[in-house]
$ cat run38.cif   # mmCIF, C-alpha atoms
data_target
loop_
_atom_site.label_atom_id
_atom_site.label_comp_id
_atom_site.auth_asym_id
_atom_site.auth_seq_id
_atom_site.Cartn_x
_atom_site.Cartn_y
_atom_site.Cartn_z
CA MET A 1 8.67 -1.80 -2.72
CA ALA A 2 8.71 -3.93 -5.87
CA GLU A 3 11.84 -2.16 -7.12
CA SER A 4 13.53 -2.70 -3.74
CA ASN A 5 12.75 -6.44 -3.84
CA LYS A 6 14.03 -6.67 -7.40
CA LYS A 7 17.33 -5.04 -6.40
CA GLN A 8 17.71 -7.33 -3.37
CA LYS A 9 17.16 -10.46 -5.46
CA MET A 10 19.62 -9.31 -8.10
CA MET A 11 22.38 -8.59 -5.56
CA GLN A 12 21.71 -11.89 -3.77
CA SER A 13 21.93 -13.73 -7.10
CA ASP A 14 25.32 -12.14 -7.85
CA LYS A 15 26.57 -12.94 -4.35
CA ASP A 16 25.58 -16.59 -4.61
CA ALA A 17 27.10 -17.12 -8.06
CA PRO A 18 30.00 -19.61 -8.26
CA PRO A 19 33.40 -17.97 -7.42
CA GLY A 20 34.75 -18.42 -10.94
CA SER A 21 31.75 -17.02 -12.78
CA HIS A 22 31.19 -13.50 -14.09
CA ALA A 23 28.30 -11.36 -12.85
CA ALA A 24 25.91 -9.40 -14.99
CA PRO A 25 27.21 -5.85 -15.56
CA PRO A 26 26.49 -3.96 -12.31
CA ARG A 27 25.34 -0.38 -11.93
CA ALA A 28 28.37 1.39 -10.54
CA LEU A 29 29.32 4.61 -8.78
CA VAL A 30 32.94 5.70 -9.15
CA VAL A 31 34.01 8.42 -6.71
CA GLY A 32 36.91 10.34 -8.23
CA ASP A 33 37.69 11.85 -11.61
CA GLY A 34 41.42 11.19 -12.10
CA ALA A 35 43.09 8.82 -14.54
CA PHE A 36 42.58 5.62 -12.53
CA ALA A 37 38.97 6.51 -11.73
CA MET A 38 38.34 6.96 -15.43
CA ALA A 39 40.14 3.71 -16.24
CA MET A 40 38.05 1.65 -13.81
CA ALA A 41 34.87 3.37 -14.96
CA THR A 42 35.78 2.63 -18.57
CA ALA A 43 36.60 -1.02 -17.87
CA MET A 44 33.19 -1.51 -16.29
CA ALA A 45 31.36 0.54 -18.91
CA ARG A 46 32.90 -1.52 -21.72
CA ARG A 47 31.21 -4.65 -20.41
CA GLY A 48 27.84 -2.91 -20.28
CA SER A 49 27.73 -1.38 -16.81
CA SER A 50 25.95 1.91 -16.30
CA VAL A 51 28.60 4.00 -14.54
CA ARG A 52 28.17 7.28 -12.71
CA ILE A 53 31.29 9.27 -11.83
CA LEU A 54 31.30 11.70 -8.91
CA CYS A 55 33.66 14.53 -9.85
CA HIS A 56 35.45 17.01 -7.60
CA THR A 57 34.92 19.98 -9.92
CA THR A 58 32.31 21.13 -12.42
CA LYS A 59 35.12 21.63 -14.95
CA VAL A 60 36.03 17.93 -15.06
CA ARG A 61 32.36 16.93 -14.89
CA ASP A 62 31.60 18.98 -17.96
CA GLU A 63 34.66 17.62 -19.79
CA ILE A 64 33.61 14.02 -19.13
CA ASN A 65 30.03 14.65 -20.21
CA ALA A 66 31.36 16.35 -23.36
CA GLY A 67 33.27 13.16 -24.22
CA GLU A 68 36.86 13.68 -22.99
CA ASN A 69 38.48 14.15 -19.56
CA LYS A 70 40.98 16.71 -20.82
CA THR A 71 42.30 17.51 -17.35
CA TYR A 72 43.43 14.02 -16.30
CA LEU A 73 43.16 11.78 -19.36
CA PRO A 74 43.46 13.85 -22.53
CA GLY A 75 43.02 12.14 -25.85
CA GLN A 76 40.82 9.32 -24.52
CA LYS A 77 37.18 9.15 -25.57
CA VAL A 78 34.68 8.69 -22.74
CA ASN A 79 32.51 5.58 -23.01
CA ALA A 80 28.83 6.34 -23.66
CA ASN A 81 27.82 4.36 -20.56
CA ILE A 82 29.61 6.88 -18.30
CA LYS A 83 27.90 9.98 -16.93
CA ALA A 84 29.51 12.52 -14.58
CA TYR A 85 28.07 14.46 -11.64
CA THR A 86 29.29 16.76 -8.87
CA SER A 87 26.48 15.99 -6.44
CA ILE A 88 26.61 12.68 -4.59
CA GLU A 89 22.82 12.74 -4.29
CA GLU A 90 22.55 12.80 -8.10
CA ALA A 91 25.41 10.37 -8.69
CA CYS A 92 24.14 7.85 -6.13
CA ALA A 93 21.39 6.11 -8.08
CA PRO A 94 19.02 4.20 -5.76
CA ASP A 95 19.89 0.91 -7.45
CA VAL A 96 23.71 1.26 -7.37
CA GLN A 97 25.34 -2.16 -6.92
CA ILE A 98 28.98 -1.25 -6.32
CA VAL A 99 30.91 1.84 -5.22
CA LEU A 100 34.56 2.39 -6.13
CA LEU A 101 36.36 5.01 -4.04
CA VAL A 102 39.19 6.25 -6.25
CA ILE A 103 40.29 9.22 -4.16
CA PRO A 104 43.88 10.04 -3.15
CA THR A 105 44.54 8.74 0.35
CA GLN A 106 45.15 12.13 1.93
CA PHE A 107 41.67 13.34 0.85
CA LEU A 108 39.68 10.20 1.59
CA ARG A 109 38.78 10.95 5.22
CA LYS A 110 37.46 14.40 4.33
CA PHE A 111 35.17 12.84 1.72
CA LEU A 112 33.90 10.17 4.10
CA VAL A 113 33.12 12.68 6.84
CA ALA A 114 31.38 15.06 4.44
CA ASN A 115 29.24 12.35 2.85
CA ILE A 116 28.56 9.99 5.73
CA GLY A 117 24.81 10.30 5.27
CA SER A 118 24.83 9.90 1.51
CA MET A 119 26.75 6.68 0.95
CA PRO A 120 24.61 3.79 -0.33
CA VAL A 121 23.99 0.96 2.13
CA GLY A 122 24.06 -2.74 1.29
CA CYS A 123 26.41 -2.78 -1.70
CA PRO A 124 30.20 -3.31 -1.85
CA ILE A 125 32.30 -0.21 -1.16
CA VAL A 126 35.72 -0.77 -2.70
CA VAL A 127 38.62 1.52 -1.91
CA CYS A 128 41.20 1.83 -4.69
CA ALA A 129 43.56 4.34 -3.04
CA LYS A 130 47.13 3.24 -2.32
CA GLY A 131 48.63 5.13 0.58
CA ILE A 132 48.82 5.77 4.32
CA GLU A 133 47.38 8.92 5.89
CA ILE A 134 49.78 11.53 7.23
CA GLY A 135 49.30 12.16 10.94
CA THR A 136 47.33 9.02 11.76
CA ALA A 137 49.36 6.42 9.79
CA GLU A 138 46.02 4.78 8.90
CA THR A 139 45.30 2.99 5.65
CA PRO A 140 42.21 3.76 3.54
CA TYR A 141 40.41 0.65 4.87
CA GLU A 142 41.11 1.73 8.45
CA MET A 143 39.76 5.19 7.69
CA MET A 144 36.54 3.70 6.34
CA ILE A 145 36.15 1.57 9.47
CA GLY A 146 36.72 4.62 11.66
CA GLU A 147 34.49 7.09 9.85
CA LEU A 148 31.52 5.11 8.49
CA PRO A 149 28.88 3.49 10.73
CA GLY A 150 28.97 -0.22 11.49
CA LYS A 151 26.18 -1.02 9.01
CA TYR A 152 28.71 -0.43 6.21
CA HIS A 153 31.66 -2.42 7.56
CA LYS A 154 30.80 -5.86 6.23
CA HIS A 155 30.63 -4.40 2.72
CA PHE A 156 34.21 -3.02 2.57
CA ALA A 157 36.86 -4.26 0.15
CA VAL A 158 40.22 -3.12 -1.23
CA LEU A 159 41.38 -3.28 -4.85
CA ALA A 160 45.09 -3.23 -5.70
CA GLY A 161 47.67 -4.67 -8.08
CA PRO A 162 49.72 -3.68 -11.15
CA SER A 163 47.31 -1.52 -13.11
CA PHE A 164 48.44 1.55 -15.03
CA ALA A 165 45.40 3.59 -16.00
CA ALA A 166 46.58 4.15 -19.57
CA GLU A 167 46.82 0.41 -20.24
CA ILE A 168 43.41 -0.32 -18.73
CA MET A 169 41.96 2.38 -20.97
CA GLU A 170 43.52 0.65 -23.98
CA GLY A 171 41.98 -2.67 -22.98
CA GLN A 172 45.34 -4.30 -22.36
CA PRO A 173 45.42 -7.44 -20.16
CA THR A 174 45.44 -6.40 -16.50
CA ASN A 175 45.19 -8.47 -13.34
CA VAL A 176 44.27 -7.04 -9.94
CA VAL A 177 43.43 -8.42 -6.51
CA VAL A 178 40.39 -7.72 -4.34
CA ALA A 179 40.80 -8.14 -0.59
CA SER A 180 38.08 -8.29 2.02
CA GLN A 181 37.49 -9.88 5.40
CA SER A 182 34.49 -11.55 3.76
CA SER A 183 35.30 -14.12 1.09
CA ASP A 184 31.76 -13.80 -0.28
CA LEU A 185 32.17 -10.06 -0.72
CA ALA A 186 35.64 -10.39 -2.29
CA ASN A 187 34.27 -12.87 -4.82
CA GLN A 188 31.27 -10.65 -5.55
CA VAL A 189 33.50 -7.64 -6.23
CA ALA A 190 35.86 -9.75 -8.35
CA ARG A 191 32.93 -10.86 -10.50
CA PHE A 192 31.70 -7.28 -10.82
CA VAL A 193 35.01 -5.82 -12.03
CA SER A 194 36.25 -8.75 -14.15
CA ASP A 195 35.18 -8.63 -17.76
CA GLY A 196 36.35 -12.07 -18.94
CA ALA A 197 38.72 -10.48 -21.43
CA SER A 198 41.15 -7.72 -20.45
CA LEU A 199 40.52 -7.14 -16.72
CA ARG A 200 40.72 -10.07 -14.30
CA ALA A 201 40.47 -9.96 -10.50
CA TYR A 202 41.76 -12.45 -7.96
CA VAL A 203 40.62 -12.51 -4.32
CA SER A 204 42.38 -12.39 -0.96
CA ASP A 205 41.59 -12.00 2.74
CA ASP A 206 44.86 -10.17 3.48
CA VAL A 207 43.50 -6.62 3.71
CA HIS A 208 46.42 -5.37 5.84
CA GLY A 209 49.11 -6.79 3.58
CA ILE A 210 47.59 -5.62 0.33
CA GLU A 211 47.11 -2.07 1.60
CA ILE A 212 50.65 -1.83 3.00
CA ALA A 213 52.11 -3.22 -0.22
CA GLY A 214 50.15 -0.73 -2.31
CA ALA A 215 51.33 2.16 -0.16
CA VAL A 216 55.00 1.28 0.26
CA LYS A 217 55.59 0.39 -3.39
CA ASN A 218 54.85 4.03 -4.24
CA VAL A 219 57.69 5.18 -1.98
CA LEU A 220 60.02 2.58 -3.47
CA ALA A 221 59.06 3.72 -6.98
CA ILE A 222 60.45 7.16 -6.15
CA ALA A 223 63.75 5.49 -5.26
CA SER A 224 63.70 3.54 -8.51
CA GLY A 225 63.06 6.67 -10.54
CA ALA A 226 66.02 8.31 -8.81
CA LEU A 227 68.24 5.39 -9.82
CA ASP A 228 67.10 5.84 -13.40
CA GLY A 229 67.76 9.56 -13.21
CA LEU A 230 71.29 8.84 -11.98
CA ASN A 231 71.82 6.52 -14.97
CA PHE A 232 72.29 3.40 -12.91
CA GLY A 233 71.48 0.10 -14.56
CA ASN A 234 69.53 -3.10 -14.13
CA ASN A 235 71.65 -4.45 -11.28
CA ALA A 236 70.74 -1.49 -9.11
CA ARG A 237 67.04 -1.71 -9.95
CA ALA A 238 66.93 -5.46 -9.26
CA ALA A 239 68.55 -4.90 -5.88
CA LEU A 240 66.10 -2.11 -5.08
CA VAL A 241 63.07 -4.24 -5.96
CA CYS A 242 64.34 -7.18 -3.89
CA ARG A 243 65.36 -5.20 -0.81
CA GLY A 244 62.32 -2.97 -1.16
CA LEU A 245 60.14 -6.08 -1.15
CA ALA A 246 61.81 -7.10 2.10
CA GLU A 247 60.97 -3.71 3.63
CA LEU A 248 57.32 -3.68 2.65
CA THR A 249 56.94 -7.31 3.79
CA ARG A 250 58.35 -6.54 7.23
CA LEU A 251 55.97 -3.62 7.64
CA ALA A 252 52.99 -5.63 6.37
CA VAL A 253 53.69 -8.46 8.80
CA ALA A 254 54.05 -5.98 11.65
CA THR A 255 50.54 -4.67 10.91
CA GLY A 256 48.94 -8.12 10.91
CA SER A 257 49.53 -9.53 7.43
CA ASN A 258 50.62 -13.13 7.00
CA GLY A 259 53.14 -11.89 4.43
CA ARG A 260 52.11 -14.29 1.67
CA SER A 261 50.39 -11.59 -0.38
CA MET A 262 53.75 -9.91 -0.89
CA ALA A 263 54.56 -12.56 -3.48
CA GLY A 264 51.37 -11.74 -5.38
CA LEU A 265 49.89 -9.00 -7.53
CA ALA A 266 49.72 -6.28 -4.87
CA GLY A 267 53.26 -7.02 -3.66
CA VAL A 268 55.93 -8.03 -6.13
CA GLY A 269 53.59 -7.48 -9.09
CA ASP A 270 52.81 -3.83 -8.41
CA LEU A 271 56.34 -3.21 -7.16
CA MET A 272 57.88 -4.45 -10.41
CA LEU A 273 55.46 -2.38 -12.46
CA THR A 274 55.79 0.94 -10.69
CA CYS A 275 59.57 0.63 -10.28
CA SER A 276 60.20 0.10 -13.97
CA SER A 277 58.18 2.59 -15.98
CA SER A 278 57.88 6.32 -16.52
CA LEU A 279 54.09 5.76 -16.63
CA SER A 280 54.37 5.69 -12.84
CA ARG A 281 53.94 9.17 -11.37
CA ASN A 282 56.10 8.18 -8.39
CA PHE A 283 58.88 6.90 -10.65
CA THR A 284 58.79 10.23 -12.48
CA VAL A 285 59.07 12.14 -9.20
CA GLY A 286 62.23 10.21 -8.31
CA LYS A 287 63.75 10.78 -11.72
CA LYS A 288 63.13 14.53 -11.45
CA LEU A 289 64.61 14.60 -7.95
CA ALA A 290 67.78 13.02 -9.32
CA SER A 291 67.94 15.73 -11.99
CA GLY A 292 68.16 18.38 -9.26
CA MET A 293 64.55 19.57 -9.17
CA THR A 294 63.03 20.37 -5.79
CA LEU A 295 59.83 18.77 -4.55
CA GLU A 296 58.06 22.14 -4.88
CA GLU A 297 59.12 22.41 -8.52
CA ILE A 298 57.98 18.87 -9.26
CA SER A 299 54.61 19.26 -7.53
CA GLY A 300 53.89 22.53 -9.28
CA GLY A 301 54.16 21.03 -12.74
CA THR A 302 51.38 18.43 -12.66
CA ASN A 303 47.69 17.93 -11.91
CA ALA A 304 48.22 14.29 -10.95
CA VAL A 305 48.89 13.11 -7.41
CA ALA A 306 51.98 10.99 -6.74
CA GLU A 307 50.83 9.13 -3.61
CA GLY A 308 54.38 8.16 -2.64
CA VAL A 309 55.35 11.74 -1.80
CA ALA A 310 52.93 11.99 1.12
CA THR A 311 53.19 8.30 1.95
CA ALA A 312 56.93 8.63 2.56
CA LYS A 313 56.03 10.65 5.66
CA SER A 314 53.40 8.26 6.96
CA VAL A 315 55.47 5.13 6.25
CA ARG A 316 58.30 6.63 8.26
CA MET A 317 55.89 7.33 11.12
CA LEU A 318 54.36 3.85 11.03
CA ALA A 319 57.72 2.10 10.75
CA GLY A 320 59.00 4.05 13.76
CA LYS A 321 55.89 3.23 15.76
CA LEU A 322 56.23 -0.49 15.01
CA ASN A 323 60.04 -0.54 15.22
CA VAL A 324 60.45 -1.80 11.64
CA GLU A 325 63.70 -1.02 9.86
CA MET A 326 63.11 0.43 6.37
CA PRO A 327 66.36 2.03 5.16
CA ILE A 328 65.31 2.57 1.54
CA CYS A 329 62.06 4.28 2.53
CA GLU A 330 63.98 6.36 5.07
CA ALA A 331 66.37 7.46 2.33
CA VAL A 332 63.45 8.52 0.13
CA TYR A 333 62.02 10.57 3.00
CA GLN A 334 65.38 12.31 3.47
CA CYS A 335 65.61 13.14 -0.23
CA LEU A 336 62.05 14.51 -0.33
CA TYR A 337 61.95 16.45 2.92
CA GLU A 338 65.48 16.97 4.23
CA GLY A 339 67.25 17.99 1.05
CA LYS A 340 69.54 14.97 0.79
CA ALA A 341 70.88 14.34 -2.71
CA PRO A 342 69.79 10.98 -4.18
CA ARG A 343 73.37 10.07 -5.05
CA GLU A 344 74.43 10.66 -1.44
CA ALA A 345 71.48 8.62 -0.15
CA LEU A 346 72.43 5.69 -2.38
CA ALA A 347 76.04 5.83 -1.23
CA GLU A 348 74.92 5.66 2.40
CA LEU A 349 72.66 2.69 1.70
CA GLN A 350 75.52 0.81 0.04
CA ALA A 351 77.84 1.59 2.94
CA ARG A 352 75.55 0.12 5.62
CA PRO A 353 77.01 -2.72 7.76
CA LEU A 354 76.98 -6.07 5.99
CA GLY A 355 74.47 -8.70 7.07
CA ALA A 356 72.78 -11.96 6.18
CA GLU A 357 69.95 -12.13 3.69
CA SER A 358 67.79 -14.18 6.00
CA GLY A 359 64.41 -13.81 4.33
CA LEU A 360 61.86 -11.22 3.33
CA VAL A 361 60.29 -10.98 6.78
CA ALA A 362 63.27 -11.06 9.07
CA GLY A 363 66.19 -10.10 6.87
CA ASP A 364 67.99 -6.78 6.71
#
$ encode --input "run38.cif" --output "structure tokens"
Amino acid sequence: MAESNKKQKMMQSDKDAPPGSHAAPPRALVVGDGAFAMAMATAMARRGSSVRILCHTTKVRDEINAGENKTYLPGQKVNANIKAYTSIEEACAPDVQIVLLVIPTQFLRKFLVANIGSMPVGCPIVVCAKGIEIGTAETPYEMMIGELPGKYHKHFAVLAGPSFAAEIMEGQPTNVVVASQSSDLANQVARFVSDGASLRAYVSDDVHGIEIAGAVKNVLAIASGALDGLNFGNNARAALVCRGLAELTRLAVATGSNGRSMAGLAGVGDLMLTCSSSLSRNFTVGKKLASGMTLEEISGGTNAVAEGVATAKSVRMLAGKLNVEMPICEAVYQCLYEGKAPREALAELQARPLGAESGLVAGD
């Protein structure tokens, strides 16, 4: 009972801290063992947090506990404050203060259903996946609402923004955004993940917009990689980023966003990042498509998940359902799943009827 009261007072103290202040290092559970899961775990461990990682396989668990995640992040030393587990019962310490769900979108629902009785209650649950589920066209936040009981709902948040795992691991300056329907919760999570040095979090209430931006930018990054693979230059990439931003804004607004977040970290920030670097898995997929490789050949050569490949299907479904025109995303879908050559897809985009550039929300 005394320990329970101590935990409650500590969490209340963090919640009531001024919005601009930094919280004491929280005890964290990171669900996922890929590169970004390791990066977020490392960022929190560096500032003194005790971090437990829930791994999918015993192989990766043993690698992490031996000091190096050779499967997903070779060459990077594991911080001493990080311990890995394969059992959620073991990983879920009774005094955990924050949970980060860093699971690919297409596997998130399965995890939630399987572990519905084991998730900690009363602490923030922050989803870091960027995608839309195939079949349902639901975002990770919507899946959490649908699968977890109501007692969890007020503790949900989303983390997004331009954040390559490799650069977070190196301690390079990185800014992200935390979105929640509760401003108190968003500020609490921002204080938990910000370290006052390399990692800084802003807050937002635009959950819909930030999730749609994070999902669609992965599809657009495939298009950008294809442009690079075809040896097109900066003009083409600038046009792609601008018109891609218009597409993701239209879809975000159609799902309930006010659209303003598209000008922020999760929108234009993450779009610029992932559309301009080979560190992006989605960019690399597009570049390989342009070289003539098939999707099967590309997928068979990596352990990492490029979320944009699956999301291209679900974005197409959601856009059709909401009657939102997204020609670039449609072209990516055709290249991935209908065998269209990237060069042909680009030619068709350039040959579309001319129109007015009447704004990010309404323009074509």
$ residues_around --input "run38.cif" --residues "A:Ala319" --least-positions-apart "6" --cutoff "10 Å" --atoms "only C-alpha atoms" --output "list of chain:residue names"
A:Ala137, A:Glu247, A:Leu248, A:Arg250, A:Leu251, A:Ala254, A:Thr255, A:Glu325, A:Met326, A:Cys329, A:Glu330
$ write_last_selection --input "run38.cif" --atoms "C-alpha atoms" --output "compact mmCIF listing (two decimals), keeping the file's coordinate frame"
# COMPACT_ATOMS: atom_id res chain seq x y z
CA ALA A 137 49.36 6.42 9.79
CA GLU A 247 60.97 -3.71 3.63
CA LEU A 248 57.32 -3.68 2.65
CA ARG A 250 58.35 -6.54 7.23
CA LEU A 251 55.97 -3.62 7.64
CA ALA A 254 54.05 -5.98 11.65
CA THR A 255 50.54 -4.67 10.91
CA GLU A 325 63.70 -1.02 9.86
CA MET A 326 63.11 0.43 6.37
CA CYS A 329 62.06 4.28 2.53
CA GLU A 330 63.98 6.36 5.07
$ residues_around --input "run38.cif" --residues "A:Lys77" --least-positions-apart "2" --cutoff "12 Å" --atoms "all atoms listed in the file" --output "ChimeraX atom specification"
/A:38-39,42,63-70,73-75,79-82,169-170
$ residues_around --input "run38.cif" --residues "stretch 43-53 of chain A" --least-positions-apart "4" --cutoff "6 Å" --atoms "only C-alpha atoms" --output "list of chain:residue names"
A:Pro25, A:Pro26, A:Arg27, A:Ala28, A:Leu29, A:Val30, A:Val31, A:Asn81, A:Ile82, A:Lys83, A:Ala84, A:Ala91
$ residues_around --input "run38.cif" --residues "A:Leu245" --least-positions-apart "3" --cutoff "9 Å" --atoms "all atoms listed in the file" --output "list in words"
Ala213, Lys217, Leu220, Leu240, Val241, Cys242, Leu248, Thr249, Arg250, Met262, Ala263, Gly267, Val268, Leu271 and Leu360 of chain A
$ closest_residue --input "run38.cif" --among "A:Gly339, A:Gly209, A:Gly320, A:Pro327" --to "A:Val253" --atoms "all atoms listed in the file"
A:Gly209
$ resolve_selection --input "run38.cif" --expression "the PyMOL selection byres ((chain A and resi 88) around 10)" --output "VMD selection string"
chain A and resid 29 31 52 to 55 85 to 87 89 to 93 115 118 to 119
$ closest_residue --input "run38.cif" --among "A:Ile98, A:Ala226, A:Ile210, A:Cys335" --to "A:Ala190" --atoms "all atoms listed in the file"
A:Ile98
$ residues_around --input "run38.cif" --residues "stretch 348-352 of chain A" --least-positions-apart "6" --cutoff "12 Å" --atoms "all atoms listed in the file" --output "PyMOL selection string"
chain A and resi 223+236+239-240+243+326-332+334+340-342+364
$ resolve_selection --input "run38.cif" --expression "the PyMOL selection byres ((chain A and resi 282) around 7)" --output "number ranges by chain"
A: 218, 221-222, 280-281, 283-286, 306, 308
